[in-house]
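Here is the file work.cif (mmCIF, C-alpha atoms).
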data_query
loop_
_atom_site.label_atom_id
_atom_site.label_comp_id
_atom_site.auth_asym_id
_atom_site.auth_seq_id
_atom_site.Cartn_x
_atom_site.Cartn_y
_atom_site.Cartn_z
CA ASP A 1 98.12 146.94 198.03
CA LEU A 2 94.61 145.83 199.02
CA GLU A 3 91.67 145.81 196.60
CA ILE A 4 88.20 145.37 198.11
CA SER A 5 84.88 144.74 196.32
CA SER A 6 81.43 144.60 197.88
CA ARG A 7 79.39 141.58 196.75
CA GLY A 8 75.84 140.48 197.49
CA TRP A 9 77.24 137.61 199.57
CA GLY A 10 79.97 139.61 201.41
CA THR A 11 83.38 140.97 200.39
CA SER A 12 85.91 139.84 197.81
CA LEU A 13 89.47 141.07 197.99
CA SER A 14 92.96 140.76 196.62
CA ILE A 15 96.16 141.71 198.41
CA SER A 16 99.63 142.19 196.93
CA LEU A 17 102.48 142.06 199.41
CA GLY A 18 106.18 141.43 199.82
CA GLY A 19 108.74 141.21 202.59
CA VAL A 20 107.47 137.94 204.05
CA THR A 21 109.95 135.18 204.85
CA PRO A 22 109.94 132.37 202.24
CA GLY A 23 108.34 129.19 203.62
CA GLN A 24 106.20 131.07 206.13
CA SER A 25 102.48 130.23 206.32
CA CYS A 26 100.14 133.21 206.63
CA ARG A 27 96.48 134.12 206.62
CA LEU A 28 94.55 137.29 205.88
CA GLU A 29 91.78 138.05 208.36
CA ALA A 30 88.96 140.58 208.15
CA ILE A 31 87.99 142.08 211.52
CA GLY A 32 84.48 143.38 212.09
CA ARG A 33 83.20 146.25 214.24
CA ASP A 34 82.28 143.76 216.99
CA GLY A 35 85.76 142.13 216.95
CA HIS A 36 84.59 139.08 214.99
CA ARG A 37 87.34 137.69 212.71
CA GLU A 38 86.92 135.82 209.45
CA VAL A 39 89.77 134.24 207.50
CA ALA A 40 89.73 135.61 203.96
CA SER A 41 92.66 133.58 202.66
CA SER A 42 95.63 131.48 203.73
CA TRP A 43 98.85 130.65 201.90
CA GLN A 44 102.45 129.54 202.23
CA VAL A 45 105.11 131.87 200.86
CA PRO A 46 107.07 130.00 198.16
CA VAL A 47 110.56 128.88 199.12
CA ASP A 48 111.76 128.88 195.50
CA GLY A 49 111.36 131.75 193.06
CA TYR A 50 110.49 134.36 195.72
CA SER A 51 112.72 136.85 197.50
CA ALA A 52 111.67 138.40 200.82
CA THR A 53 113.43 141.63 199.82
CA SER A 54 112.20 142.01 196.25
CA GLY A 55 109.42 139.47 195.72
CA ALA A 56 105.70 140.14 195.63
CA LEU A 57 102.70 137.86 195.98
CA THR A 58 99.11 138.53 194.98
CA ILE A 59 96.61 136.59 197.07
CA PRO A 60 92.83 136.52 196.40
CA GLY A 61 90.30 136.05 199.17
CA ALA A 62 86.73 136.51 200.35
CA VAL A 63 84.64 136.75 203.51
CA GLY A 64 80.90 136.63 204.17
CA MET A 65 81.12 139.87 206.16
CA PRO A 66 79.79 142.98 204.35
CA VAL A 67 82.35 145.69 203.50
CA SER A 68 80.50 148.15 205.75
CA GLU A 69 81.11 145.94 208.83
CA ILE A 70 84.88 145.53 208.35
CA VAL A 71 87.13 147.89 210.36
CA GLN A 72 90.52 146.38 209.54
CA TYR A 73 92.42 143.58 207.87
CA GLU A 74 95.33 141.73 209.42
CA ILE A 75 97.99 139.38 208.06
CA VAL A 76 98.90 136.80 210.71
CA ASN A 77 101.40 133.95 210.67
CA THR A 78 100.63 130.46 212.00
CA ASP A 79 102.06 131.41 215.40
CA GLY A 80 99.36 134.09 215.67
CA GLU A 81 101.90 136.90 215.25
CA SER A 82 100.51 139.93 213.45
CA LEU A 83 102.69 140.78 210.44
CA LEU A 84 100.64 143.67 209.09
CA THR A 85 97.48 145.55 210.11
CA ILE A 86 95.54 147.50 207.48
CA PRO A 87 92.89 149.84 208.93
CA VAL A 88 89.83 150.68 206.85
CA VAL A 89 89.64 154.41 206.22
#
Here is a file; write its structure as structure tokens.
Amino acid sequence: DLEISSRGWGTSLSISLGGVTPGQSCRLEAIGRDGHREVASSWQVPVDGYSATSGALTIPGAVGMPVSEIVQYEIVNTDGESLLTIPVV
């Protein structure tokens, strides 16, 4: 679940997700029309108290890019592997 809010300074957002391996480090990136990427947030999935099959995390974030310029969001691990792509509709 991705919640997006336009702000005078850019875009604030919050994402709720599950199914990520405990201990894995991830980042949420916003991708603009021109291919420019901005990191909205980064985090490490907790090893304790989180299950990859039933756990959920809510991660806040923000970018300076206006909502109208963002074409998709992507969750990427530290190896650069895309875990999830969320197109803007």
Atomic separation - CA of Ala30 (chain A) relative to CA of Gly18 (chain A), Å: 19.1 Å
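The residues returned by the PyMOL selection byres ((chain A and resi 41-45) around 9) for this structure are Val20, Thr21, Pro22, Gly23, Gln24, Ser25, Cys26, Arg27, Leu28, Glu29, Val39, Ala40, Pro46, Val47, Tyr50, Leu57, Ile59, Pro60, Gly61, Ala62 and Val63 of chain A.
Put simply, CA of Leu83 (chain A) is 9.9 Å away from CA of Gly19 (chain A).
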Ground truth for the PyMOL selection byres ((chain A and resi 89) around 12), written as a PyMOL selection string: chain A and resi 67-68+70-73+86-88
Now that the selection is made, can you save its residues with C-alpha atoms as an mmCIF file, in the frame of the given file?
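Output file result-v3.cif follows:
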data_model
loop_
_atom_site.group_PDB
_atom_site.id
_atom_site.type_symbol
_atom_site.label_atom_id
_atom_site.label_comp_id
_atom_site.auth_asym_id
_atom_site.auth_seq_id
_atom_site.Cartn_x
_atom_site.Cartn_y
_atom_site.Cartn_z
ATOM 1 C CA VAL A 67 82.350 145.690 203.500
ATOM 2 C CA SER A 68 80.500 148.150 205.750
ATOM 3 C CA ILE A 70 84.880 145.530 208.350
ATOM 4 C CA VAL A 71 87.130 147.890 210.360
ATOM 5 C CA GLN A 72 90.520 146.380 209.540
ATOM 6 C CA TYR A 73 92.420 143.580 207.870
ATOM 7 C CA ILE A 86 95.540 147.500 207.480
ATOM 8 C CA PRO A 87 92.890 149.840 208.930
ATOM 9 C CA VAL A 88 89.830 150.680 206.850
#
Residues returned when the PyMOL selection byres ((chain A and resi 6) around 12) runs on this file, as a VMD selection string: chain A and resid 3 to 5 7 to 13 62 to 70
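One distance worth recording is that between CA of Glu38 (chain A) and CA of Thr53 (chain A), which is 28.8 Å.
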Distance query Leu84 (chain A) at most 8 Å, only C-alpha atoms, self and fewer than 3 positions along chain excluded, as a ChimeraX atom specification: /A:74-76
Just add N, CA, C and O atoms to region 33-54 of chain A and send it as a CSV table (one decimal), in the frame of the given file.
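So the final result, stored in result22.csv, reads:
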chain,number,residue,atom,x,y,z
A,33,ARG,N,83.4,145.2,213.2
A,33,ARG,CA,83.2,146.2,214.2
A,33,ARG,C,83.1,145.6,215.6
A,33,ARG,O,83.5,146.2,216.6
A,34,ASP,N,82.5,144.4,215.7
A,34,ASP,CA,82.3,143.8,217.0
A,34,ASP,C,83.5,142.9,217.4
A,34,ASP,O,83.4,142.2,218.4
A,35,GLY,N,84.6,142.9,216.6
A,35,GLY,CA,85.8,142.1,217.0
A,35,GLY,C,85.8,140.8,216.3
A,35,GLY,O,86.8,140.0,216.4
A,36,HIS,N,84.7,140.4,215.7
A,36,HIS,CA,84.6,139.1,215.0
A,36,HIS,C,85.6,139.0,213.9
A,36,HIS,O,85.8,140.0,213.1
A,37,ARG,N,86.3,137.9,213.7
A,37,ARG,CA,87.3,137.7,212.7
A,37,ARG,C,86.9,136.6,211.7
A,37,ARG,O,86.4,135.6,212.2
A,38,GLU,N,87.1,136.8,210.5
A,38,GLU,CA,86.9,135.8,209.4
A,38,GLU,C,88.2,135.7,208.6
A,38,GLU,O,88.8,136.7,208.2
A,39,VAL,N,88.6,134.5,208.4
A,39,VAL,CA,89.8,134.2,207.5
A,39,VAL,C,89.3,134.4,206.0
A,39,VAL,O,88.4,133.8,205.6
A,40,ALA,N,90.0,135.3,205.4
A,40,ALA,CA,89.7,135.6,204.0
A,40,ALA,C,90.6,134.7,203.0
A,40,ALA,O,90.1,134.4,201.9
A,41,SER,N,91.8,134.4,203.5
A,41,SER,CA,92.7,133.6,202.7
A,41,SER,C,93.8,133.1,203.5
A,41,SER,O,94.1,133.7,204.5
A,42,SER,N,94.4,132.0,203.1
A,42,SER,CA,95.6,131.5,203.7
A,42,SER,C,96.6,131.0,202.6
A,42,SER,O,96.1,130.6,201.6
A,43,TRP,N,97.9,131.0,202.9
A,43,TRP,CA,98.8,130.6,201.9
A,43,TRP,C,100.2,130.4,202.6
A,43,TRP,O,100.4,130.8,203.7
A,44,GLN,N,101.1,129.7,201.8
A,44,GLN,CA,102.4,129.5,202.2
A,44,GLN,C,103.3,130.3,201.2
A,44,GLN,O,103.2,130.1,200.0
A,45,VAL,N,104.2,131.1,201.7
A,45,VAL,CA,105.1,131.9,200.9
A,45,VAL,C,106.1,130.9,200.2
A,45,VAL,O,106.7,130.0,200.9
A,46,PRO,N,106.2,130.9,198.9
A,46,PRO,CA,107.1,130.0,198.2
A,46,PRO,C,108.5,130.1,198.6
A,46,PRO,O,109.0,131.2,198.9
A,47,VAL,N,109.2,128.9,198.7
A,47,VAL,CA,110.6,128.9,199.1
A,47,VAL,C,111.4,129.2,197.9
A,47,VAL,O,112.4,129.9,198.0
A,48,ASP,N,111.0,128.7,196.7
A,48,ASP,CA,111.8,128.9,195.5
A,48,ASP,C,111.1,129.9,194.6
A,48,ASP,O,109.8,130.0,194.6
A,49,GLY,N,111.9,130.8,194.0
A,49,GLY,CA,111.4,131.8,193.1
A,49,GLY,C,110.8,133.0,193.7
A,49,GLY,O,110.1,133.7,193.1
A,50,TYR,N,111.0,133.2,195.0
A,50,TYR,CA,110.5,134.4,195.7
A,50,TYR,C,111.6,134.9,196.6
A,50,TYR,O,112.2,134.2,197.3
A,51,SER,N,111.8,136.2,196.6
A,51,SER,CA,112.7,136.8,197.5
A,51,SER,C,112.0,137.7,198.5
A,51,SER,O,111.1,138.5,198.1
A,52,ALA,N,112.3,137.6,199.8
A,52,ALA,CA,111.7,138.4,200.8
A,52,ALA,C,112.0,139.9,200.7
A,52,ALA,O,111.2,140.7,201.2
A,53,THR,N,113.1,140.2,200.0
A,53,THR,CA,113.4,141.6,199.8
A,53,THR,C,112.9,142.2,198.5
A,53,THR,O,112.7,143.4,198.5
A,54,SER,N,112.7,141.4,197.5
A,54,SER,CA,112.2,142.0,196.2
A,54,SER,C,111.0,141.3,195.6
A,54,SER,O,110.5,141.7,194.6
